[in-house]
Amino acid sequence: MKKCIKIGLFLILFFTLLIASTGIALWYLWSSNLPYIGSLKNYNPPIITKVFADDGQIIGKFSDEKRVLVPLDKIPTHTINAFIAVEDARFFQHKGIDFLGIVRALFKNIKARRIEQGGSTITQQVTKSLLLKNPARTYKRKMREALLSLQIEKEFSKNKILYLYLNQIYMGHGLYGIEAASEVYFGKDIRELNTAESALLAGLAQAPSRDDPIKHFNRAKLRQKYVLERMKDEGFLNDKQFKEALKTKLTIKAEKEQYSKKAPYFLEHIRQRIERKYGRHLLYKGGLKVYTTVNLKMQEAAKKAIKKGLYELDKREGFRSPTRRFIFSGEETLNEPKSERLSKSPLEIGTITQGTVIKVDSINKETLVQIEDKKGILPLSNMKWARMVDPEKAYFESKLQDPADVLTPGDIITVKIIKKSKDFPELILSLEQTPEAQAALLCLEAKTGYVKAMVGGLDFSKSQFNRATQARRQPGSAFKPIIYAAALDNGLTPSSIIIDAPFISPIGEEEKLWKPKNYKEKFYGPTPFRTGLIKSRNIMTIKILKKIGVKHAIDYARQMGIDSPLSADLSLALGSSGLSLVKLTKAYSVFANGGMLVKPIYVTKIIDRNGKVLEENQPSFSESIPQETAYVITDLLKAVVTEGTGWRAKALSRPVAGKTGTTNDLRDAWFIGFNPTLVTGVWVGYDDNRQMGKGETGSRAACPIWLYFMREVLKEEPIIPFQYPEGVVITKIDAKTGLLASLSSQKTCFQAFKKGTEPTRYSPKPDSGKPGEFFQLDMDYSN
């Protein structure tokens, strides 16, 4: 008997030692090589880079993890209480592991027949998120998690652990931390949240996808109610506060962040710039604060101007046949395919969407259109622009007389809602068409170089190609002011006479004969220099370039900031070399700034997450051309607006200067114009470089966009005249001869001259028969 007892005791001892030794071995094995918890002292997670407009509004965010660090003292107490109540009620009592909490969660979940509470403490969740990133659920991992949680509790304060938790927790939609979640779900900082909103955020902690308030609001609301109940149970809310929070209306942002829609082309330009300079890691993880020059009101005006101008151009180009047609079945019923919505917005006045033609009435001159469950009338008066394009002529002058000429039942068309009614038909429509042409606009602040607006195309969502900075298009006559400025510094004056006559010259490596023409294919004989620029005469500009020399003109263009490759032949006079809109607009800033070249600035300052300034950009100027030359060209460009091809800009009713540009076969249309404060360039054309319609010059296609923009951004600004320098004199001259105006002058004008170059002789009578006496034949190229 004693022997059996001894054997039993031995076995008990043996197995006790075995279990103990195994436990010690496993403890030693699993606790070895634990992550270093000291790394939590320097918590430095990836955070969002924010980009700001000139007024401090956010226009964009870049990140791999959408996180915004927020100090614990900036988080409302009710927000902290909400997370503690639902995630770890005994957080301030336990030492990292809450055995009572585990038991309580188990019974709660059994009673609810679903997982409502987890057993992990907030400390354990910090451990899992920051130190043990392997998600595998093993005993070894749970042991290591427990050991690390105990160590963290010894090393760090409860407030530090809460700070780590609330900034690290995943909240759905790529959001990490409660500040980023608050900004996206509620559109406000965490410190602005009320108790109801805080409870909803706390409810996301366990299952952010399942309880997503954007996709599953009702589930999120149920979870929020549970959080509020937990807050009441834990004494964080009394009955009155609980009921008030429960009744508080929750307004969730229905869509994801819309920052990029404010200035998408500008924002993408900034993104590329920062990534090139600082690298992807700093851009997407570094939490930079990027302060830019863009003005959102001006940016919006630019977008609207481009949209309006391109829609007008597209209607002048003619109606393109509906892209989809199908067999019409029944009098007012249709087979698939159905029309598509072009916008997610409701069918309100001004909405542009697609509709299906169900009846064309040639007698009453109207078309019945189905849009979803509504019907609309498209009267002929709202589609008269829709003449069909003749493939050979590419242009029709006549207006549409019968809707049946262009529409048939079953056509899918784009329409705009003009009027709404409760009666039948419910909608009055106009025929629209998505433009195929593109445009770009860039606006510089003359005295600083700040880029205030930049639009690189009609729709960034469809094409990210930035036509303001990336496209290289021929500027045509918009390059001429540079040639004329070089000529002024090479001995010519606004009164110099150029013979506008046929010109033949070899050009290119093969030296083929080149016979350039003026736009209207006419020649005007002896003509003052000023008229050549104002009326954009090609032959005169070519002769001026030949006089001063191509090399000199190229060097002059380099002084004005144009570093792009330029044609080293006489075609340079007609703007044959491709330039970007930003380069040409920058060159025109020289005229606006009295001969000083300004550097375009997109970013004023970049600050890293620690407050260190990485870069700061101040306005930068360099001497480019004499200020007298700059003013004389400005004066001539003012005359381009008042007397010449830029006449549409006169509608601005304030001092402005500018130049149109049109290339051969109407492939590019430009207008670069400025007042004393803003320099704005506009380009219009097709990406595939095809020809625009008849008459679509810089004056007709580009200048209206410039006007729409400048009218909007300057409407509340004071009228400021151009100031001329001391070295310039204003002289009244005869517009035809360029000499001083006399009693016999039929047309006169005031013209700026460099002091000492103004004419000294008066214009004689036209019938004097002595042209040599009143024409300064500085140049007489008759070849």
# chains A, B, ... in the order shown; residues from 1 in each chain; ligands from 1

$ residues_around --residues "Asn382 in chain A" --least-positions-apart "5" --cutoff "8 Å" --atoms "only C-alpha atoms" --output "list in words"
Leu429, Ser430 and Leu431 of chain A

$ residues_around --residues "range 679-691 of chain A" --least-positions-apart "6" --cutoff "6 Å" --atoms "only C-alpha atoms" --output "VMD selection string"
chain A and resid 437 to 444 446 585 665 to 673 702

$ residues_around --residues "Gln627 in chain A" --least-positions-apart "2" --cutoff "9 Å" --atoms "only C-alpha atoms" --output "JSON, numbers by chain"
{"A": [590, 591, 593, 594, 595, 596, 624, 625, 629, 630, 631, 632, 724, 725, 727]}

$ write_last_selection --atoms "N, CA and C atoms" --output "PDB file, in the first residue's frame"
ATOM      1  N   VAL A 590       6.626  89.107 -68.862  1.00  0.00           N
ATOM      2  CA  VAL A 590       7.706  90.092 -69.009  1.00  0.00           C
ATOM      3  C   VAL A 590       7.129  91.444 -69.420  1.00  0.00           C
ATOM      4  N   PHE A 591       6.166  91.433 -70.320  1.00  0.00           N
ATOM      5  CA  PHE A 591       5.530  92.695 -70.737  1.00  0.00           C
ATOM      6  C   PHE A 591       4.739  93.297 -69.582  1.00  0.00           C
ATOM      7  N   ASN A 593       5.257  92.971 -66.452  1.00  0.00           N
ATOM      8  CA  ASN A 593       6.112  93.336 -65.317  1.00  0.00           C
ATOM      9  C   ASN A 593       7.219  94.313 -65.683  1.00  0.00           C
ATOM     10  N   GLY A 594       7.028  95.079 -66.743  1.00  0.00           N
ATOM     11  CA  GLY A 594       8.004  96.104 -67.083  1.00  0.00           C
ATOM     12  C   GLY A 594       9.365  95.556 -67.428  1.00  0.00           C
ATOM     13  N   GLY A 595       9.401  94.423 -68.122  1.00  0.00           N
ATOM     14  CA  GLY A 595      10.672  93.861 -68.582  1.00  0.00           C
ATOM     15  C   GLY A 595      11.282  92.837 -67.658  1.00  0.00           C
ATOM     16  N   MET A 596      10.662  92.573 -66.518  1.00  0.00           N
ATOM     17  CA  MET A 596      11.184  91.594 -65.564  1.00  0.00           C
ATOM     18  C   MET A 596      10.514  90.233 -65.775  1.00  0.00           C
ATOM     19  N   SER A 624      14.946  90.906 -67.947  1.00  0.00           N
ATOM     20  CA  SER A 624      14.744  90.201 -69.211  1.00  0.00           C
ATOM     21  C   SER A 624      14.941  91.130 -70.406  1.00  0.00           C
ATOM     22  N   ILE A 625      14.111  92.163 -70.496  1.00  0.00           N
ATOM     23  CA  ILE A 625      14.210  93.117 -71.597  1.00  0.00           C
ATOM     24  C   ILE A 625      14.071  94.523 -71.018  1.00  0.00           C
ATOM     25  N   THR A 629      10.956  98.890 -73.711  1.00  0.00           N
ATOM     26  CA  THR A 629      10.500  97.949 -74.743  1.00  0.00           C
ATOM     27  C   THR A 629       9.251  97.224 -74.277  1.00  0.00           C
ATOM     28  N   ALA A 630       9.269  96.790 -73.017  1.00  0.00           N
ATOM     29  CA  ALA A 630       8.124  96.066 -72.462  1.00  0.00           C
ATOM     30  C   ALA A 630       6.872  96.926 -72.528  1.00  0.00           C
ATOM     31  N   TYR A 631       7.006  98.218 -72.227  1.00  0.00           N
ATOM     32  CA  TYR A 631       5.800  99.054 -72.239  1.00  0.00           C
ATOM     33  C   TYR A 631       5.314  99.319 -73.660  1.00  0.00           C
ATOM     34  N   VAL A 632       6.240  99.547 -74.585  1.00  0.00           N
ATOM     35  CA  VAL A 632       5.820  99.802 -75.969  1.00  0.00           C
ATOM     36  C   VAL A 632       5.071  98.592 -76.521  1.00  0.00           C
ATOM     37  N   TYR A 724       3.310 103.795 -67.467  1.00  0.00           N
ATOM     38  CA  TYR A 724       4.481 103.767 -68.361  1.00  0.00           C
ATOM     39  C   TYR A 724       5.691 104.401 -67.688  1.00  0.00           C
ATOM     40  N   PRO A 725       6.880 103.905 -68.016  1.00  0.00           N
ATOM     41  CA  PRO A 725       8.106 104.392 -67.371  1.00  0.00           C
ATOM     42  C   PRO A 725       8.548 105.741 -67.935  1.00  0.00           C
ATOM     43  N   GLY A 727      11.168 106.549 -69.497  1.00  0.00           N
ATOM     44  CA  GLY A 727      11.832 106.508 -70.814  1.00  0.00           C
ATOM     45  C   GLY A 727      10.887 106.318 -71.973  1.00  0.00           C
TER      46      GLY A 727
END

$ residues_around --residues "range 658-662 of chain A" --least-positions-apart "3" --cutoff "10 Å" --atoms "only C-alpha atoms" --output "PyMOL selection string"
chain A and resi 474-481+519+533-536+574-575+588+633-641+644-647+649+665-675+679-684+696-703

$ atom_distance --atom1 "CA of Ile412 in chain A" --atom2 "CA of Asp314 in chain A"
18.0 Å

$ residues_around --residues "Phe91 in chain A" --least-positions-apart "4" --cutoff "9 Å" --atoms "only C-alpha atoms" --output "PyMOL selection string"
chain A and resi 84+87+95-96+98+121-123+158

$ write_last_selection --atoms "all heavy atoms" --output "PDB file, in the first residue's frame"
ATOM      1  N   ILE A  84     -13.695  53.575 -24.612  1.00  0.00           N
ATOM      2  CA  ILE A  84     -13.431  52.778 -23.415  1.00  0.00           C
ATOM      3  C   ILE A  84     -14.653  51.937 -23.053  1.00  0.00           C
ATOM      4  O   ILE A  84     -14.542  50.743 -22.746  1.00  0.00           O
ATOM      5  CB  ILE A  84     -13.030  53.697 -22.243  1.00  0.00           C
ATOM      6  CG1 ILE A  84     -11.626  54.267 -22.491  1.00  0.00           C
ATOM      7  CG2 ILE A  84     -13.067  52.940 -20.917  1.00  0.00           C
ATOM      8  CD1 ILE A  84     -11.167  55.258 -21.447  1.00  0.00           C
ATOM      9  N   GLU A  87     -15.002  49.118 -25.806  1.00  0.00           N
ATOM     10  CA  GLU A  87     -13.855  48.277 -26.114  1.00  0.00           C
ATOM     11  C   GLU A  87     -13.126  47.733 -24.887  1.00  0.00           C
ATOM     12  O   GLU A  87     -12.566  46.646 -24.931  1.00  0.00           O
ATOM     13  CB  GLU A  87     -12.849  49.081 -26.967  1.00  0.00           C
ATOM     14  CG  GLU A  87     -13.298  49.340 -28.398  1.00  0.00           C
ATOM     15  CD  GLU A  87     -13.437  48.058 -29.202  1.00  0.00           C
ATOM     16  OE1 GLU A  87     -12.485  47.268 -29.262  1.00  0.00           O
ATOM     17  OE2 GLU A  87     -14.536  47.849 -29.763  1.00  0.00           O
ATOM     18  N   LYS A  95      -4.025  45.596 -15.731  1.00  0.00           N
ATOM     19  CA  LYS A  95      -2.602  45.798 -15.974  1.00  0.00           C
ATOM     20  C   LYS A  95      -2.181  45.311 -17.361  1.00  0.00           C
ATOM     21  O   LYS A  95      -1.035  44.925 -17.575  1.00  0.00           O
ATOM     22  CB  LYS A  95      -1.773  45.065 -14.911  1.00  0.00           C
ATOM     23  CG  LYS A  95      -2.035  45.530 -13.494  1.00  0.00           C
ATOM     24  CD  LYS A  95      -1.671  47.008 -13.308  1.00  0.00           C
ATOM     25  CE  LYS A  95      -1.896  47.455 -11.860  1.00  0.00           C
ATOM     26  NZ  LYS A  95      -1.567  48.889 -11.695  1.00  0.00           N
ATOM     27  N   GLY A  96      -3.098  45.314 -18.294  1.00  0.00           N
ATOM     28  CA  GLY A  96      -2.778  44.892 -19.652  1.00  0.00           C
ATOM     29  C   GLY A  96      -3.633  43.738 -20.118  1.00  0.00           C
ATOM     30  O   GLY A  96      -3.940  43.613 -21.304  1.00  0.00           O
ATOM     31  N   ASP A  98      -7.250  41.712 -18.982  1.00  0.00           N
ATOM     32  CA  ASP A  98      -8.441  41.817 -18.133  1.00  0.00           C
ATOM     33  C   ASP A  98      -9.173  40.476 -18.118  1.00  0.00           C
ATOM     34  O   ASP A  98      -9.988  40.188 -18.990  1.00  0.00           O
ATOM     35  CB  ASP A  98      -9.351  42.924 -18.649  1.00  0.00           C
ATOM     36  CG  ASP A  98     -10.552  43.153 -17.735  1.00  0.00           C
ATOM     37  OD1 ASP A  98     -10.538  42.639 -16.604  1.00  0.00           O
ATOM     38  OD2 ASP A  98     -11.489  43.844 -18.186  1.00  0.00           O
ATOM     39  N   THR A 121      -8.034  43.667 -24.481  1.00  0.00           N
ATOM     40  CA  THR A 121      -7.985  45.006 -23.901  1.00  0.00           C
ATOM     41  C   THR A 121      -7.459  45.989 -24.945  1.00  0.00           C
ATOM     42  O   THR A 121      -6.930  45.602 -25.996  1.00  0.00           O
ATOM     43  CB  THR A 121      -7.064  45.040 -22.681  1.00  0.00           C
ATOM     44  OG1 THR A 121      -5.727  44.741 -23.121  1.00  0.00           O
ATOM     45  CG2 THR A 121      -7.495  44.034 -21.636  1.00  0.00           C
ATOM     46  N   ILE A 122      -7.586  47.268 -24.651  1.00  0.00           N
ATOM     47  CA  ILE A 122      -7.028  48.293 -25.544  1.00  0.00           C
ATOM     48  C   ILE A 122      -5.525  48.119 -25.648  1.00  0.00           C
ATOM     49  O   ILE A 122      -4.935  48.272 -26.730  1.00  0.00           O
ATOM     50  CB  ILE A 122      -7.414  49.696 -25.027  1.00  0.00           C
ATOM     51  CG1 ILE A 122      -8.883  49.979 -25.355  1.00  0.00           C
ATOM     52  CG2 ILE A 122      -6.508  50.774 -25.610  1.00  0.00           C
ATOM     53  CD1 ILE A 122      -9.414  51.294 -24.828  1.00  0.00           C
ATOM     54  N   THR A 123      -4.898  47.758 -24.552  1.00  0.00           N
ATOM     55  CA  THR A 123      -3.443  47.531 -24.564  1.00  0.00           C
ATOM     56  C   THR A 123      -3.087  46.387 -25.499  1.00  0.00           C
ATOM     57  O   THR A 123      -2.116  46.470 -26.272  1.00  0.00           O
ATOM     58  CB  THR A 123      -2.934  47.224 -23.145  1.00  0.00           C
ATOM     59  OG1 THR A 123      -3.425  48.219 -22.249  1.00  0.00           O
ATOM     60  CG2 THR A 123      -1.420  47.215 -23.098  1.00  0.00           C
ATOM     61  N   LYS A 158      -1.261  55.117 -18.981  1.00  0.00           N
ATOM     62  CA  LYS A 158      -2.532  54.815 -19.637  1.00  0.00           C
ATOM     63  C   LYS A 158      -2.838  55.833 -20.745  1.00  0.00           C
ATOM     64  O   LYS A 158      -3.376  55.479 -21.801  1.00  0.00           O
ATOM     65  CB  LYS A 158      -3.669  54.819 -18.610  1.00  0.00           C
ATOM     66  CG  LYS A 158      -3.634  53.657 -17.624  1.00  0.00           C
ATOM     67  CD  LYS A 158      -4.013  52.341 -18.297  1.00  0.00           C
ATOM     68  CE  LYS A 158      -4.126  51.218 -17.268  1.00  0.00           C
ATOM     69  NZ  LYS A 158      -4.544  49.939 -17.896  1.00  0.00           N
TER      70      LYS A 158
END

$ residues_around --residues "Leu228 in chain A" --least-positions-apart "3" --cutoff "7 Å" --atoms "only C-alpha atoms" --output "PyMOL selection string"
chain A and resi 199+224-225+231-232+242

$ closest_residue --among "A:Met540, A:Ala146, A:Leu407, A:Leu130" --to "Asn44 in chain A" --atoms "only C-alpha atoms"
A:Leu130

$ closest_residue --among "A:Arg467, A:His173, A:Lys41, A:His552" --to "Lys66 in chain A" --atoms "only C-alpha atoms"
A:His173

$ select_by_dssp --residues "range 426-526 of chain A" --states "alpha helix (DSSP H)" --output "ChimeraX atom specification"
/A:480-488

$ write_last_selection --atoms "N, CA, C and O atoms" --output "PDB file, in the first residue's frame"
ATOM      1  N   LYS A 480       4.333  86.263 -82.055  1.00  0.00           N
ATOM      2  CA  LYS A 480       4.791  87.474 -82.732  1.00  0.00           C
ATOM      3  C   LYS A 480       5.262  88.591 -81.810  1.00  0.00           C
ATOM      4  O   LYS A 480       6.232  89.290 -82.125  1.00  0.00           O
ATOM      5  N   PRO A 481       4.605  88.826 -80.643  1.00  0.00           N
ATOM      6  CA  PRO A 481       5.096  89.920 -79.787  1.00  0.00           C
ATOM      7  C   PRO A 481       6.553  89.770 -79.389  1.00  0.00           C
ATOM      8  O   PRO A 481       7.236  90.778 -79.172  1.00  0.00           O
ATOM      9  N   ILE A 482       7.054  88.545 -79.306  1.00  0.00           N
ATOM     10  CA  ILE A 482       8.467  88.340 -78.965  1.00  0.00           C
ATOM     11  C   ILE A 482       9.345  88.825 -80.112  1.00  0.00           C
ATOM     12  O   ILE A 482      10.390  89.470 -79.890  1.00  0.00           O
ATOM     13  N   ILE A 483       8.941  88.545 -81.356  1.00  0.00           N
ATOM     14  CA  ILE A 483       9.692  89.016 -82.524  1.00  0.00           C
ATOM     15  C   ILE A 483       9.672  90.545 -82.579  1.00  0.00           C
ATOM     16  O   ILE A 483      10.706  91.203 -82.812  1.00  0.00           O
ATOM     17  N   TYR A 484       8.512  91.120 -82.338  1.00  0.00           N
ATOM     18  CA  TYR A 484       8.386  92.580 -82.399  1.00  0.00           C
ATOM     19  C   TYR A 484       9.175  93.246 -81.267  1.00  0.00           C
ATOM     20  O   TYR A 484       9.749  94.325 -81.457  1.00  0.00           O
ATOM     21  N   ALA A 485       9.207  92.625 -80.093  1.00  0.00           N
ATOM     22  CA  ALA A 485       9.994  93.187 -78.997  1.00  0.00           C
ATOM     23  C   ALA A 485      11.474  93.171 -79.341  1.00  0.00           C
ATOM     24  O   ALA A 485      12.200  94.152 -79.091  1.00  0.00           O
ATOM     25  N   ALA A 486      11.941  92.072 -79.931  1.00  0.00           N
ATOM     26  CA  ALA A 486      13.348  91.980 -80.344  1.00  0.00           C
ATOM     27  C   ALA A 486      13.663  93.043 -81.386  1.00  0.00           C
ATOM     28  O   ALA A 486      14.752  93.638 -81.380  1.00  0.00           O
ATOM     29  N   ALA A 487      12.698  93.301 -82.271  1.00  0.00           N
ATOM     30  CA  ALA A 487      12.909  94.312 -83.320  1.00  0.00           C
ATOM     31  C   ALA A 487      12.991  95.711 -82.730  1.00  0.00           C
ATOM     32  O   ALA A 487      13.787  96.553 -83.193  1.00  0.00           O
ATOM     33  N   LEU A 488      12.178  96.015 -81.705  1.00  0.00           N
ATOM     34  CA  LEU A 488      12.243  97.332 -81.056  1.00  0.00           C
ATOM     35  C   LEU A 488      13.623  97.572 -80.447  1.00  0.00           C
ATOM     36  O   LEU A 488      14.086  98.713 -80.387  1.00  0.00           O
TER      37      LEU A 488
END

$ select_by_dssp --residues "range 451-675 of chain A" --states "strand (DSSP E or B)" --output "ChimeraX atom specification"
/A:451-455,473,497-500,505-507,512-514,525-528,579,596-598,601,603-607,613-616,621-623,657-662,668-674

$ decode --residues "range 306-319 of chain A" --atoms "N, CA, C and O atoms" --output "tab-separated table (two decimals), in the first residue's frame"
chain	number	residue	atom	x	y	z
A	306	ILE	N	-13.82	77.39	-69.39
A	306	ILE	CA	-13.43	76.38	-70.37
A	306	ILE	C	-14.64	75.55	-70.81
A	306	ILE	O	-14.83	75.27	-72.00
A	307	LYS	N	-15.45	75.16	-69.86
A	307	LYS	CA	-16.64	74.37	-70.19
A	307	LYS	C	-17.57	75.16	-71.11
A	307	LYS	O	-18.04	74.63	-72.14
A	308	LYS	N	-17.82	76.41	-70.78
A	308	LYS	CA	-18.72	77.23	-71.59
A	308	LYS	C	-18.14	77.43	-72.99
A	308	LYS	O	-18.84	77.27	-74.00
A	309	GLY	N	-16.87	77.77	-73.06
A	309	GLY	CA	-16.24	78.02	-74.35
A	309	GLY	C	-16.20	76.80	-75.24
A	309	GLY	O	-16.44	76.89	-76.46
A	310	LEU	N	-15.91	75.63	-74.66
A	310	LEU	CA	-15.84	74.41	-75.46
A	310	LEU	C	-17.23	73.95	-75.92
A	310	LEU	O	-17.37	73.43	-77.04
A	311	TYR	N	-18.24	74.12	-75.08
A	311	TYR	CA	-19.60	73.76	-75.52
A	311	TYR	C	-20.06	74.66	-76.65
A	311	TYR	O	-20.72	74.22	-77.60
A	312	GLU	N	-19.71	75.96	-76.58
A	312	GLU	CA	-20.05	76.87	-77.67
A	312	GLU	C	-19.32	76.49	-78.96
A	312	GLU	O	-19.91	76.48	-80.05
A	313	LEU	N	-18.04	76.18	-78.83
A	313	LEU	CA	-17.25	75.75	-79.99
A	313	LEU	C	-17.83	74.48	-80.59
A	313	LEU	O	-17.98	74.36	-81.81
A	314	ASP	N	-18.18	73.54	-79.74
A	314	ASP	CA	-18.68	72.25	-80.21
A	314	ASP	C	-19.98	72.42	-81.00
A	314	ASP	O	-20.20	71.75	-82.01
A	315	LYS	N	-20.83	73.33	-80.55
A	315	LYS	CA	-22.08	73.56	-81.27
A	315	LYS	C	-21.81	74.23	-82.62
A	315	LYS	O	-22.51	73.97	-83.61
A	316	ARG	N	-20.81	75.09	-82.69
A	316	ARG	CA	-20.44	75.68	-83.97
A	316	ARG	C	-19.86	74.63	-84.92
A	316	ARG	O	-19.99	74.74	-86.14
A	317	GLU	N	-19.22	73.63	-84.35
A	317	GLU	CA	-18.63	72.57	-85.16
A	317	GLU	C	-19.68	71.67	-85.79
A	317	GLU	O	-19.41	70.96	-86.74
A	318	GLY	N	-20.90	71.67	-85.25
A	318	GLY	CA	-21.98	70.88	-85.83
A	318	GLY	C	-22.34	69.66	-85.00
A	318	GLY	O	-21.60	69.24	-84.10
A	319	PHE	N	-23.49	69.07	-85.31
A	319	PHE	CA	-24.02	67.93	-84.56
A	319	PHE	C	-23.46	66.63	-85.11
A	319	PHE	O	-23.51	66.36	-86.31
